[in-house]
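> Below you'll find run_18.txt; it's compact mmCIF, C-alpha atoms and all ligand atoms.
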# COMPACT_ATOMS: atom_id res chain seq x y z
CA MET H 1 -32.07 -22.99 -39.16
CA GLU H 2 -32.88 -25.43 -36.40
CA GLY H 3 -32.30 -28.96 -37.72
CA LYS H 4 -33.73 -32.12 -36.23
CA ASN H 5 -30.49 -32.94 -34.41
CA SER H 6 -29.47 -29.44 -33.36
CA LYS H 7 -28.95 -29.29 -29.58
CA LYS H 8 -30.63 -26.61 -27.55
CA LYS H 9 -28.17 -24.39 -25.72
CA VAL H 10 -28.49 -24.61 -21.94
CA TYR H 11 -27.83 -21.19 -20.52
CA THR H 12 -26.02 -20.96 -17.20
CA ALA H 13 -25.06 -18.05 -14.93
CA PRO H 14 -21.74 -16.48 -15.94
CA LYS H 15 -18.65 -18.22 -14.56
CA GLY H 16 -18.00 -17.33 -10.92
CA MET H 17 -21.50 -15.88 -10.48
CA HIS H 18 -24.54 -17.62 -9.07
CA ASP H 19 -28.23 -17.30 -8.31
CA ILE H 20 -29.47 -16.99 -4.76
CA LEU H 21 -32.53 -19.21 -4.82
CA PRO H 22 -35.66 -18.61 -2.69
CA ASP H 23 -34.70 -21.27 -0.14
CA GLU H 24 -31.35 -19.62 0.51
CA GLN H 25 -32.71 -16.12 0.95
CA VAL H 26 -33.35 -16.74 4.64
CA TRP H 27 -29.58 -16.77 5.33
CA TRP H 28 -28.91 -13.63 3.34
CA ASP H 29 -31.83 -11.85 5.06
CA ARG H 30 -30.64 -12.98 8.44
CA PHE H 31 -27.19 -11.50 7.82
CA TYR H 32 -28.52 -8.27 6.33
CA ASN H 33 -31.11 -7.68 9.05
CA LYS H 34 -28.57 -8.17 11.83
CA ALA H 35 -25.86 -6.09 10.12
CA LYS H 36 -28.38 -3.31 9.47
CA ASP H 37 -29.74 -3.38 13.05
CA VAL H 38 -26.30 -3.08 14.59
CA SER H 39 -25.23 -0.41 12.06
CA ASP H 40 -28.38 1.60 12.84
CA PHE H 41 -27.64 1.28 16.54
CA TYR H 42 -24.12 2.69 16.00
CA GLY H 43 -25.53 5.56 13.93
CA PHE H 44 -24.46 4.43 10.45
CA LYS H 45 -26.83 5.54 7.67
CA LYS H 46 -27.46 3.52 4.52
CA ILE H 47 -26.07 4.66 1.18
CA ASP H 48 -26.58 3.13 -2.28
CA THR H 49 -24.21 3.99 -5.09
CA PRO H 50 -24.34 2.87 -8.75
CA LEU H 51 -22.87 -0.49 -9.74
CA LEU H 52 -20.96 1.30 -12.48
CA GLU H 53 -18.50 4.09 -11.74
CA ASP H 54 -15.85 6.07 -13.59
CA ALA H 55 -13.02 3.49 -13.67
CA ASP H 56 -10.64 6.25 -12.64
CA ILE H 57 -11.87 6.29 -9.03
CA PHE H 58 -10.63 2.72 -8.61
CA ILE H 59 -7.45 3.27 -10.62
CA ARG H 60 -6.54 6.30 -8.50
CA GLY H 61 -8.20 5.19 -5.27
CA THR H 62 -7.79 1.44 -4.93
CA GLY H 63 -4.51 1.76 -6.81
CA LEU H 64 -3.07 0.86 -10.20
CA GLY H 65 -0.63 -1.72 -8.80
CA THR H 66 -3.27 -3.70 -6.89
CA ASP H 67 -4.63 -7.05 -8.08
CA ILE H 68 -8.18 -5.71 -7.96
CA VAL H 69 -7.44 -2.97 -10.47
CA GLU H 70 -4.65 -4.53 -12.47
CA LYS H 71 -6.11 -7.99 -13.03
CA GLU H 72 -9.70 -8.15 -11.81
CA MET H 73 -11.66 -5.10 -12.92
CA TYR H 74 -14.56 -5.41 -15.39
CA THR H 75 -14.42 -2.29 -17.51
CA LEU H 76 -16.35 -0.98 -20.49
CA LYS H 77 -16.43 1.99 -22.81
CA THR H 78 -19.88 3.52 -23.24
CA LYS H 79 -21.22 4.72 -26.58
CA GLY H 80 -20.57 8.23 -25.30
CA GLY H 81 -16.92 7.36 -24.71
CA ASP H 82 -16.95 7.14 -20.88
CA PHE H 83 -14.63 4.56 -19.39
CA LEU H 84 -16.60 2.81 -16.63
CA ALA H 85 -15.94 -0.07 -14.26
CA LEU H 86 -18.30 -2.47 -12.49
CA ARG H 87 -17.38 -1.63 -8.91
CA PRO H 88 -14.82 -4.11 -7.54
CA GLU H 89 -15.27 -2.73 -4.01
CA GLY H 90 -17.43 -0.16 -2.24
CA THR H 91 -15.13 2.33 -0.54
CA PRO H 92 -14.06 4.48 -3.53
CA SER H 93 -17.73 4.78 -4.60
CA VAL H 94 -18.79 5.94 -1.13
CA ILE H 95 -15.96 8.47 -1.03
CA ARG H 96 -16.84 9.71 -4.52
CA SER H 97 -20.38 10.27 -3.26
CA TYR H 98 -19.12 11.92 -0.03
CA ILE H 99 -17.21 14.46 -2.13
CA GLU H 100 -19.83 14.91 -4.86
CA ASN H 101 -22.60 15.54 -2.32
CA GLY H 102 -20.57 17.86 -0.12
CA MET H 103 -20.84 15.55 2.88
CA PHE H 104 -17.64 17.14 4.22
CA ASN H 105 -19.92 20.06 5.17
CA TRP H 106 -22.12 17.77 7.30
CA PRO H 107 -21.30 17.28 10.97
CA GLN H 108 -18.31 14.93 11.05
CA PRO H 109 -17.78 12.04 11.23
CA VAL H 110 -20.17 10.91 8.51
CA LYS H 111 -21.06 7.28 9.20
CA LEU H 112 -22.37 5.25 6.26
CA PHE H 113 -23.09 1.64 5.43
CA TYR H 114 -23.68 -0.06 2.07
CA TYR H 115 -24.71 -3.49 0.86
CA GLY H 116 -24.59 -5.03 -2.58
CA PRO H 117 -22.71 -6.92 -5.26
CA MET H 118 -19.10 -6.24 -6.26
CA PHE H 119 -17.37 -7.64 -9.32
CA ARG H 120 -13.87 -9.05 -9.60
CA TYR H 121 -12.52 -11.04 -12.52
CA ASP H 122 -10.78 -13.45 -10.15
CA LYS H 123 -10.16 -17.18 -10.64
CA PRO H 124 -13.38 -18.72 -9.30
CA GLN H 125 -12.99 -21.25 -6.47
CA ALA H 126 -14.71 -22.06 -3.17
CA GLY H 127 -15.35 -18.77 -1.35
CA ARG H 128 -13.98 -16.70 -4.24
CA TYR H 129 -16.46 -15.48 -6.82
CA ARG H 130 -16.64 -13.00 -9.66
CA GLN H 131 -19.81 -11.48 -8.28
CA LEU H 132 -19.49 -11.21 -4.52
CA PHE H 133 -21.59 -9.39 -1.97
CA GLN H 134 -20.16 -6.98 0.55
CA PHE H 135 -21.67 -5.13 3.47
CA GLY H 136 -19.45 -2.21 4.36
CA LEU H 137 -19.19 0.36 7.14
CA GLU H 138 -17.37 3.65 6.58
CA MET H 139 -16.66 6.41 9.09
CA ILE H 140 -15.33 9.56 7.40
CA GLY H 141 -13.95 12.63 9.17
CA GLU H 142 -12.55 11.09 12.36
CA GLU H 143 -8.87 10.45 12.98
CA ASN H 144 -9.04 9.21 16.57
CA ALA H 145 -8.24 5.51 17.14
CA ALA H 146 -11.59 5.28 18.95
CA ALA H 147 -13.22 5.33 15.47
CA ASP H 148 -11.19 2.26 14.42
CA ALA H 149 -12.20 0.58 17.69
CA GLU H 150 -15.86 1.45 17.17
CA ILE H 151 -15.89 -0.15 13.71
CA ILE H 152 -14.16 -3.26 15.02
CA GLN H 153 -16.65 -3.43 17.90
CA ALA H 154 -19.63 -3.16 15.53
CA VAL H 155 -18.17 -5.89 13.28
CA TRP H 156 -17.53 -8.09 16.31
CA LEU H 157 -21.07 -7.60 17.58
CA ILE H 158 -22.67 -8.40 14.23
CA LEU H 159 -20.77 -11.69 13.92
CA ASN H 160 -21.34 -12.65 17.56
CA GLU H 161 -25.06 -12.00 17.41
CA LEU H 162 -25.22 -14.12 14.27
CA GLY H 163 -23.68 -16.94 16.31
CA ILE H 164 -20.30 -16.72 14.54
CA LYS H 165 -18.28 -16.53 17.74
CA ASN H 166 -15.11 -18.49 17.25
CA ILE H 167 -13.33 -15.69 15.43
CA HIS H 168 -10.37 -13.37 15.90
CA ILE H 169 -9.00 -10.18 14.43
CA GLU H 170 -5.71 -10.06 12.55
CA LEU H 171 -4.29 -6.62 13.09
CA ASN H 172 -1.41 -4.46 11.90
CA SER H 173 -0.44 -0.86 11.33
CA ILE H 174 1.15 -0.03 8.00
CA GLY H 175 2.11 3.54 8.92
CA CYS H 176 1.57 6.75 7.01
CA PRO H 177 3.25 8.72 4.20
CA ASP H 178 5.72 9.98 6.85
CA CYS H 179 7.06 6.63 8.06
CA ARG H 180 6.12 4.08 5.38
CA PRO H 181 8.48 5.25 2.60
CA ALA H 182 11.52 4.60 4.83
CA TYR H 183 10.28 1.04 5.50
CA LYS H 184 9.60 0.47 1.79
CA LYS H 185 13.13 1.65 1.04
CA PHE H 186 14.44 -0.67 3.73
CA LEU H 187 12.48 -3.55 2.14
CA LYS H 188 13.92 -2.80 -1.29
CA THR H 189 17.43 -2.97 0.11
CA PHE H 190 16.61 -6.10 2.15
CA TYR H 191 15.27 -7.97 -0.89
CA ARG H 192 17.71 -6.67 -3.49
CA THR H 193 20.22 -9.48 -2.99
CA LYS H 194 17.42 -12.06 -2.60
CA ALA H 195 15.31 -11.05 -5.59
CA SER H 196 16.11 -14.19 -7.56
CA LYS H 197 14.39 -16.27 -4.84
CA LEU H 198 11.15 -14.26 -4.96
CA CYS H 199 8.14 -15.50 -6.95
CA SER H 200 7.43 -13.73 -10.24
CA ASP H 201 4.60 -11.65 -8.71
CA CYS H 202 6.87 -10.47 -5.90
CA LYS H 203 9.68 -9.60 -8.31
CA ARG H 204 7.21 -7.15 -9.82
CA ARG H 205 5.96 -6.05 -6.39
CA LEU H 206 9.52 -5.24 -5.36
CA LYS H 207 9.48 -2.47 -7.96
CA ILE H 208 5.89 -1.18 -7.49
CA ASN H 209 4.92 -1.87 -3.88
CA PRO H 210 7.40 -3.94 -1.83
CA LEU H 211 4.96 -4.02 1.13
CA ARG H 212 2.86 -6.53 -0.81
CA ILE H 213 5.74 -9.04 -0.63
CA LEU H 214 4.92 -9.38 3.07
CA ASP H 215 1.58 -11.11 2.52
CA CYS H 216 2.66 -13.34 -0.37
CA LYS H 217 1.60 -16.95 0.25
CA ASN H 218 4.43 -18.45 -1.81
CA GLU H 219 6.70 -20.67 0.34
CA SER H 220 10.02 -19.25 -0.82
CA CYS H 221 8.75 -15.69 -0.21
CA ILE H 222 7.55 -16.70 3.30
CA ALA H 223 10.98 -18.20 4.11
CA LEU H 224 12.78 -15.05 2.97
CA ARG H 225 10.92 -12.78 5.37
CA GLU H 226 11.80 -14.77 8.49
CA ASN H 227 14.34 -12.33 9.93
CA LEU H 228 12.63 -9.21 8.75
CA PRO H 229 11.99 -6.56 11.47
CA PRO H 230 8.22 -5.81 11.61
CA LEU H 231 6.86 -2.56 10.29
CA PHE H 232 5.26 -1.62 13.59
CA ASP H 233 8.79 -1.35 15.08
CA LYS H 234 9.52 1.36 12.51
CA LEU H 235 6.37 3.48 12.85
CA CYS H 236 6.62 7.23 13.46
CA GLU H 237 5.53 8.52 16.84
CA GLU H 238 2.10 9.57 15.61
CA CYS H 239 1.32 6.15 14.05
CA ARG H 240 2.73 4.25 17.02
CA GLY H 241 0.60 6.28 19.46
CA HIS H 242 -2.50 5.72 17.32
CA PHE H 243 -1.88 1.98 17.18
CA GLU H 244 -1.22 1.71 20.92
CA HIS H 245 -4.47 3.52 21.65
CA LEU H 246 -6.37 1.12 19.41
CA LEU H 247 -4.82 -1.89 21.18
CA GLU H 248 -5.83 -0.43 24.56
CA TYR H 249 -9.43 0.00 23.37
CA LEU H 250 -9.56 -3.56 22.04
CA ASP H 251 -8.13 -4.90 25.32
CA GLU H 252 -10.76 -2.93 27.19
CA MET H 253 -13.49 -4.42 24.97
CA GLN H 254 -11.93 -7.89 25.36
CA ILE H 255 -11.81 -8.42 21.63
CA PRO H 256 -9.07 -10.95 20.85
CA TYR H 257 -6.60 -9.93 18.18
CA ASN H 258 -3.45 -11.28 16.69
CA LEU H 259 -0.70 -8.81 15.82
CA ASN H 260 0.27 -9.78 12.32
CA PRO H 261 3.24 -7.85 10.88
CA ASN H 262 2.62 -9.46 7.47
CA LEU H 263 -0.93 -8.21 7.10
CA VAL H 264 -0.77 -5.36 4.58
CA ARG H 265 -4.12 -5.79 2.72
CA GLY H 266 -4.10 -5.57 -1.05
CA LEU H 267 -5.17 -1.96 -1.50
CA ASP H 268 -3.03 1.13 -1.88
CA TYR H 269 -5.05 3.62 0.12
CA TYR H 270 -4.66 2.19 3.61
CA THR H 271 -2.80 4.12 6.30
CA LYS H 272 -2.14 3.10 9.91
CA THR H 273 -4.65 0.40 10.98
CA VAL H 274 -5.37 -2.60 8.77
CA PHE H 275 -7.36 -5.58 10.00
CA GLU H 276 -9.18 -8.72 8.93
CA VAL H 277 -11.64 -11.07 10.65
CA TRP H 278 -10.95 -14.78 10.52
CA SER H 279 -12.86 -17.81 11.72
CA ASN H 280 -10.86 -20.08 14.08
CA ASP H 281 -12.88 -23.13 13.06
CA ASP H 282 -11.52 -24.21 9.74
CA ALA H 283 -7.77 -23.94 9.29
CA GLY H 284 -6.82 -22.46 5.95
CA SER H 285 -10.22 -20.80 5.75
CA LEU H 286 -10.78 -17.45 4.15
CA ALA H 287 -11.13 -14.00 5.71
CA LEU H 288 -14.72 -13.09 6.56
CA GLY H 289 -13.99 -9.44 5.98
CA GLY H 290 -11.34 -6.80 6.01
CA GLY H 291 -10.81 -3.12 6.48
CA GLY H 292 -8.62 -0.37 7.78
CA ARG H 293 -7.91 3.34 7.96
CA TYR H 294 -7.59 5.32 4.76
CA ASP H 295 -6.71 8.88 5.74
CA GLY H 296 -5.56 9.87 2.23
CA LEU H 297 -8.40 8.63 0.01
CA VAL H 298 -10.77 11.62 0.19
CA GLY H 299 -7.85 13.84 -0.87
CA ILE H 300 -6.73 11.44 -3.62
CA LEU H 301 -10.23 11.53 -5.15
CA GLY H 302 -10.26 15.34 -5.17
CA GLY H 303 -11.92 16.17 -1.84
CA PRO H 304 -10.58 18.00 1.21
CA LYS H 305 -8.19 16.18 3.51
CA LYS H 306 -10.39 13.94 5.69
CA PRO H 307 -9.33 10.93 7.72
CA ALA H 308 -11.50 7.81 7.48
CA VAL H 309 -11.78 4.19 8.49
CA GLY H 310 -13.93 1.34 7.18
CA PHE H 311 -14.59 -2.35 6.89
CA ALA H 312 -16.30 -4.72 4.44
CA PHE H 313 -17.84 -8.09 5.24
CA GLY H 314 -17.60 -10.78 2.58
CA VAL H 315 -21.28 -11.74 2.77
CA ASP H 316 -21.00 -14.92 0.64
CA ARG H 317 -18.50 -16.29 3.15
CA ILE H 318 -20.64 -15.28 6.13
CA VAL H 319 -23.69 -16.96 4.64
CA TYR H 320 -21.56 -20.08 4.25
CA GLN H 321 -20.66 -19.89 7.96
CA LEU H 322 -24.32 -19.38 8.91
CA LYS H 323 -25.35 -22.44 6.95
CA LEU H 324 -22.62 -24.53 8.62
CA ARG H 325 -23.73 -23.48 12.09
CA ASN H 326 -27.50 -23.55 11.81
CA LYS H 327 -28.43 -26.68 9.96
CA LYS H 328 -31.70 -27.31 11.77
CA THR H 329 -33.04 -24.00 12.97
CA GLU H 330 -34.71 -22.91 9.78
CA THR H 331 -37.10 -25.85 9.50
CA TYR H 332 -40.20 -23.67 9.52
CA HIS H 333 -41.11 -20.20 8.40
CA LYS H 334 -42.28 -18.96 11.74
CA ASN H 335 -44.78 -16.29 10.88
CA LYS H 336 -46.46 -17.85 7.92
CA VAL H 337 -49.51 -20.06 7.32
CA TYR H 338 -50.64 -21.88 4.21
CA LEU H 339 -54.23 -21.59 3.01
CA VAL H 340 -55.75 -24.64 1.34
CA GLN H 341 -59.16 -24.31 -0.35
CA LEU H 342 -61.49 -26.94 -1.73
CA GLY H 343 -64.24 -25.70 -4.01
CA GLU H 344 -65.31 -22.39 -5.50
CA SER H 345 -67.06 -20.97 -2.41
CA ALA H 346 -64.01 -21.70 -0.23
CA LYS H 347 -61.78 -19.98 -2.76
CA LYS H 348 -63.98 -16.87 -2.64
CA GLN H 349 -63.96 -16.83 1.15
CA ILE H 350 -60.17 -17.06 1.15
CA PHE H 351 -59.89 -13.88 -0.94
CA GLY H 352 -61.79 -12.09 1.84
CA LEU H 353 -59.63 -13.66 4.55
CA LEU H 354 -56.34 -12.55 2.99
CA GLU H 355 -56.85 -8.92 4.00
CA GLU H 356 -57.60 -9.99 7.61
CA PHE H 357 -54.29 -11.84 7.74
CA ARG H 358 -52.38 -8.91 6.29
CA LYS H 359 -53.89 -6.50 8.83
CA ASN H 360 -52.83 -8.87 11.59
CA ASN H 361 -49.29 -9.23 10.27
CA ILE H 362 -49.53 -12.95 9.50
CA SER H 363 -47.97 -13.88 6.15
CA VAL H 364 -49.93 -16.32 4.07
CA GLU H 365 -49.18 -18.47 1.09
CA SER H 366 -51.64 -20.36 -1.07
CA SER H 367 -52.00 -21.92 -4.48
CA LEU H 368 -55.46 -20.77 -5.47
CA GLY H 369 -55.06 -22.22 -8.96
CA ARG H 370 -54.83 -25.74 -7.57
CA ASP H 371 -57.91 -27.76 -6.67
CA SER H 372 -56.71 -31.02 -5.15
CA LEU H 373 -56.04 -31.28 -1.43
CA ARG H 374 -53.00 -33.44 -2.04
CA SER H 375 -51.20 -31.05 -4.33
CA GLN H 376 -51.94 -28.06 -2.08
CA LEU H 377 -50.63 -29.90 1.00
CA LYS H 378 -47.53 -30.85 -0.98
CA ASN H 379 -46.94 -27.19 -1.77
CA ALA H 380 -47.51 -26.28 1.88
CA ASP H 381 -44.91 -28.85 2.87
CA HIS H 382 -42.45 -27.42 0.39
CA SER H 383 -43.01 -23.94 1.81
CA ARG H 384 -42.07 -25.25 5.26
CA VAL H 385 -44.92 -23.62 7.17
CA LYS H 386 -45.82 -24.79 10.65
CA TYR H 387 -49.59 -24.40 10.17
CA CYS H 388 -51.97 -24.93 7.35
CA LEU H 389 -55.62 -23.80 7.18
CA ILE H 390 -57.99 -26.01 5.20
CA LEU H 391 -61.29 -24.60 4.03
CA GLY H 392 -63.73 -26.93 2.25
CA GLN H 393 -67.42 -26.73 1.28
CA ARG H 394 -68.49 -28.12 4.63
CA GLU H 395 -66.39 -25.61 6.63
CA VAL H 396 -67.79 -22.73 4.58
CA ILE H 397 -71.33 -23.84 5.49
CA ASP H 398 -70.42 -24.42 9.16
CA GLY H 399 -68.43 -21.18 9.52
CA THR H 400 -65.32 -23.10 10.57
CA VAL H 401 -61.84 -23.88 9.28
CA ILE H 402 -59.47 -26.81 9.84
CA LEU H 403 -56.14 -25.96 11.46
CA ARG H 404 -53.47 -28.52 10.59
CA ASP H 405 -50.15 -28.72 12.41
CA MET H 406 -47.77 -29.68 9.60
CA GLU H 407 -45.20 -31.14 11.98
CA SER H 408 -47.49 -33.54 13.86
CA GLY H 409 -50.22 -33.85 11.23
CA LEU H 410 -52.87 -33.15 13.92
CA GLN H 411 -56.00 -31.31 12.78
CA GLU H 412 -58.59 -29.29 14.74
CA THR H 413 -61.75 -27.52 13.66
CA ILE H 414 -61.89 -23.87 14.74
CA PRO H 415 -64.68 -21.28 14.24
CA ILE H 416 -63.58 -19.02 11.40
CA ASP H 417 -64.09 -15.81 13.43
CA LYS H 418 -61.64 -17.10 16.08
CA ILE H 419 -58.93 -18.26 13.72
CA ILE H 420 -56.81 -15.12 13.63
CA LEU H 421 -56.72 -14.96 17.43
CA GLU H 422 -55.90 -18.65 17.68
CA LEU H 423 -53.09 -18.40 15.15
CA LYS H 424 -51.59 -15.34 16.79
CA GLU H 425 -51.44 -17.20 20.11
CA ARG H 426 -49.80 -20.23 18.53
CA LEU H 427 -47.34 -18.30 16.40
CA LYS H 428 -46.35 -16.24 19.45
CA LYS H 429 -45.44 -19.47 21.25
CA GLU H 430 -43.43 -20.65 18.23
CA ASN H 431 -41.40 -17.45 18.20
P1 LIG D 1 -11.17 -7.10 0.54
O1 LIG D 1 -11.37 -5.70 1.02
O2 LIG D 1 -10.77 -7.24 -0.86
O3 LIG D 1 -10.27 -7.88 1.48
O4 LIG D 1 -12.61 -7.79 0.67
C1 LIG D 1 -13.29 -7.83 1.89
C2 LIG D 1 -13.92 -9.19 2.08
O5 LIG D 1 -14.74 -9.50 0.95
C3 LIG D 1 -12.91 -10.33 2.14
O6 LIG D 1 -12.40 -10.50 3.45
C4 LIG D 1 -13.77 -11.51 1.74
O7 LIG D 1 -14.54 -11.97 2.83
C5 LIG D 1 -14.70 -10.90 0.70
N1 LIG D 1 -14.19 -11.17 -0.67
C6 LIG D 1 -13.20 -10.54 -1.31
N2 LIG D 1 -13.03 -11.06 -2.56
C7 LIG D 1 -13.95 -12.04 -2.69
C8 LIG D 1 -14.31 -12.94 -3.74
N3 LIG D 1 -13.69 -12.92 -4.93
N4 LIG D 1 -15.33 -13.80 -3.53
C9 LIG D 1 -15.99 -13.83 -2.35
N5 LIG D 1 -15.70 -13.00 -1.32
C10 LIG D 1 -14.70 -12.11 -1.48
Output the file's structure as structure tokens, nothing else.

Amino acid sequence: MEGKNSKKKVYTAPKGMHDILPDEQVWWDRFYNKAKDVSDFYGFKKIDTPLLEDADIFIRGTGLGTDIVEKEMYTLKTKGGDFLALRPEGTPSVIRSYIENGMFNWPQPVKLFYYGPMFRYDKPQAGRYRQLFQFGLEMIGEENAAADAEIIQAVWLILNELGIKNIHIELNSIGCPDCRPAYKKFLKTFYRTKASKLCSDCKRRLKINPLRILDCKNESCIALRENLPPLFDKLCEECRGHFEHLLEYLDEMQIPYNLNPNLVRGLDYYTKTVFEVWSNDDAGSLALGGGGRYDGLVGILGGPKKPAVGFAFGVDRIVYQLKLRNKKTETYHKNKVYLVQLGESAKKQIFGLLEEFRKNNISVESSLGRDSLRSQLKNADHSRVKYCLILGQREVIDGTVILRDMESGLQETIPIDKIILELKERLKKEN
């Protein structure tokens, strides 16, 4: 029973998850619209997959020994006994769909993009959330290094056109099932006598996946790998040729990259190319996205052998970059006007006007439930529109409307039958 002193519980979003409020949507839209435009241009088609999947596709695909699967996956058992996971990443879901829908019978490569939330039970901190948004590109059915280059070019273009220009690519090749086992064996031997100096995570990695020791951020693990020969010196001929081709394409496109022998990416399914995009602006910043080639994944998930390559943007981090760079540009909603009405007859006339605005592609906002001029103008201000239309009793009688420039506060009276034309002219200039 609720007593006099019982406190009301204040509900908050789950830890590491957050709302995207109306004012912030402009940044998310800006990213999505640009990423979609460029993806369309490159021939990628949109795919949506369920948020929940059979947990097995991540256990087998992403890999049992990876942090994402081992520590961070949200799983549940359904009443029917299915073991499902909230997707921690998009690629295994897309590949599951590729196989389930027989896309291997379509003309290859199949080029897909996806956008949506992923879930990882990670320790929340700046730039690291439990619900994170990714926009991913996947190209399935093409082994040529030109496919890797095309994805990198599309990623580069999206970020550049968003004004995120001071960036570079971290790049490596982690070989294939032909050449990687020998390097893993070499690593095991290299670290055997040094194991006591490795961090506890790496001690475990030494047994399961010694490659992961290479990207450990622990100081003693970094010091230990100083004299280690890089993996790209040990690649088989096929992987070396593939990597060299990719580097030639990137040089041709003048996309700056940094060869990073310690970049292995956290996931098991990668083969050959792995890469990440980093901002040069803030040292110690976080990767804006990552990807690579995964020639074995379609086979691992039960499909025919098909090579593939993909990339995922971390959209939360890109939105953060957009906000940093564009503090002032979003002052006004460019294609929107606010309608203010005073009195019953004005209100009725506004209902008729709305359809005219819609037909002419001008968005409108209003608060028809409010009567005072002051409170409506306050709302208009909050909506950050450039123009406001004020319709009072007098204007209704005269067949006019007042056009108010919200920035300067200047007002003009315009005949109502000319207002759409007038606004279109002005909004065109604003754009
Ligand atoms: P991954 O394939 O795991 O490297 O993820 C691709 C990109 O998603 C990363 O480069 C980050 O930009 C973003 N990302 C990954 N994990 C998180 C997280 N927990 N919170 C926010 N963004 C993330």
> Measuring between all atoms listed in the file, which one of H:Asp148, H:Asp67, H:Asp316, H:Glu395 shows the shortest distance to Gln131 of chain H?
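Closest residue, counting all atoms listed in the file: H:Asp316.
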> Excluding Lys77 of chain H and its own-chain neighbours fewer than 4 positions away, which residues fall within 12 Å of it when counting only C-alpha atoms? Please give them as a VMD selection string.
chain H and resid 52 to 55 81 to 86
> Give me the residues of chain H that have any atom at most 8 Å from an atom of ligand LIG 1 (chain D); for each, the nearest atom pair and the distance in Å, rounded to one decimal. Use only C-alpha atoms and all ligand atoms, sort by chain and number, and format it as JSON lines.

{"residue": "H:Ile68", "atom": "CA", "partner": "D:LIG1", "partner_atom": "O2", "distance": 7.7}
{"residue": "H:Glu89", "atom": "CA", "partner": "D:LIG1", "partner_atom": "O1", "distance": 7.0}
{"residue": "H:Phe119", "atom": "CA", "partner": "D:LIG1", "partner_atom": "N3", "distance": 7.8}
{"residue": "H:Arg120", "atom": "CA", "partner": "D:LIG1", "partner_atom": "N3", "distance": 6.1}
{"residue": "H:Tyr121", "atom": "CA", "partner": "D:LIG1", "partner_atom": "N3", "distance": 7.9}
{"residue": "H:Asp122", "atom": "CA", "partner": "D:LIG1", "partner_atom": "N3", "distance": 6.0}
{"residue": "H:Lys123", "atom": "CA", "partner": "D:LIG1", "partner_atom": "N3", "distance": 8.0}
{"residue": "H:Pro124", "atom": "CA", "partner": "D:LIG1", "partner_atom": "N3", "distance": 7.3}
{"residue": "H:Gly127", "atom": "CA", "partner": "D:LIG1", "partner_atom": "C9", "distance": 5.1}
{"residue": "H:Arg128", "atom": "CA", "partner": "D:LIG1", "partner_atom": "N4", "distance": 3.3}
{"residue": "H:Tyr129", "atom": "CA", "partner": "D:LIG1", "partner_atom": "N4", "distance": 3.9}
{"residue": "H:Arg130", "atom": "CA", "partner": "D:LIG1", "partner_atom": "N3", "distance": 5.6}
{"residue": "H:Gln131", "atom": "CA", "partner": "D:LIG1", "partner_atom": "N4", "distance": 6.9}
{"residue": "H:Leu132", "atom": "CA", "partner": "D:LIG1", "partner_atom": "C9", "distance": 4.9}
{"residue": "H:Phe133", "atom": "CA", "partner": "D:LIG1", "partner_atom": "N5", "distance": 6.9}
{"residue": "H:Gln134", "atom": "CA", "partner": "D:LIG1", "partner_atom": "O5", "distance": 6.0}
{"residue": "H:Arg265", "atom": "CA", "partner": "D:LIG1", "partner_atom": "O3", "distance": 6.6}
{"residue": "H:Gly266", "atom": "CA", "partner": "D:LIG1", "partner_atom": "O2", "distance": 6.9}
{"residue": "H:Leu267", "atom": "CA", "partner": "D:LIG1", "partner_atom": "O1", "distance": 7.7}
{"residue": "H:Glu276", "atom": "CA", "partner": "D:LIG1", "partner_atom": "O6", "distance": 6.6}
{"residue": "H:Val277", "atom": "CA", "partner": "D:LIG1", "partner_atom": "O6", "distance": 7.3}
{"residue": "H:Leu286", "atom": "CA", "partner": "D:LIG1", "partner_atom": "O7", "distance": 6.8}
{"residue": "H:Ala287", "atom": "CA", "partner": "D:LIG1", "partner_atom": "O6", "distance": 4.4}
{"residue": "H:Leu288", "atom": "CA", "partner": "D:LIG1", "partner_atom": "O7", "distance": 3.9}
{"residue": "H:Gly289", "atom": "CA", "partner": "D:LIG1", "partner_atom": "O6", "distance": 3.2}
{"residue": "H:Gly290", "atom": "CA", "partner": "D:LIG1", "partner_atom": "O6", "distance": 4.6}
{"residue": "H:Gly291", "atom": "CA", "partner": "D:LIG1", "partner_atom": "O1", "distance": 6.1}
{"residue": "H:Phe311", "atom": "CA", "partner": "D:LIG1", "partner_atom": "O1", "distance": 7.5}
{"residue": "H:Ala312", "atom": "CA", "partner": "D:LIG1", "partner_atom": "C1", "distance": 5.0}
{"residue": "H:Phe313", "atom": "CA", "partner": "D:LIG1", "partner_atom": "C2", "distance": 5.2}
{"residue": "H:Gly314", "atom": "CA", "partner": "D:LIG1", "partner_atom": "O7", "distance": 3.3}
{"residue": "H:Val315", "atom": "CA", "partner": "D:LIG1", "partner_atom": "O7", "distance": 6.7}
{"residue": "H:Asp316", "atom": "CA", "partner": "D:LIG1", "partner_atom": "C9", "distance": 5.9}
{"residue": "H:Arg317", "atom": "CA", "partner": "D:LIG1", "partner_atom": "O7", "distance": 5.9}
{"residue": "H:Ile318", "atom": "CA", "partner": "D:LIG1", "partner_atom": "O7", "distance": 7.7}
> Using only C-alpha atoms, can you tell me which of H:Ile416, H:Met17, H:Glu237, H:Gly163 comes closest to Cys179 of chain H?
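The shortest atom-to-atom distance to Cys179 of chain H comes from H:Glu237.
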> Between H:Lys378, H:Ile20, H:Tyr338, H:Ala145, single out the one closest to Val364 of chain H, counting all atoms listed in the file.
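Once distances to Val364 of chain H are computed over all atoms listed in the file, the minimum belongs to H:Tyr338.
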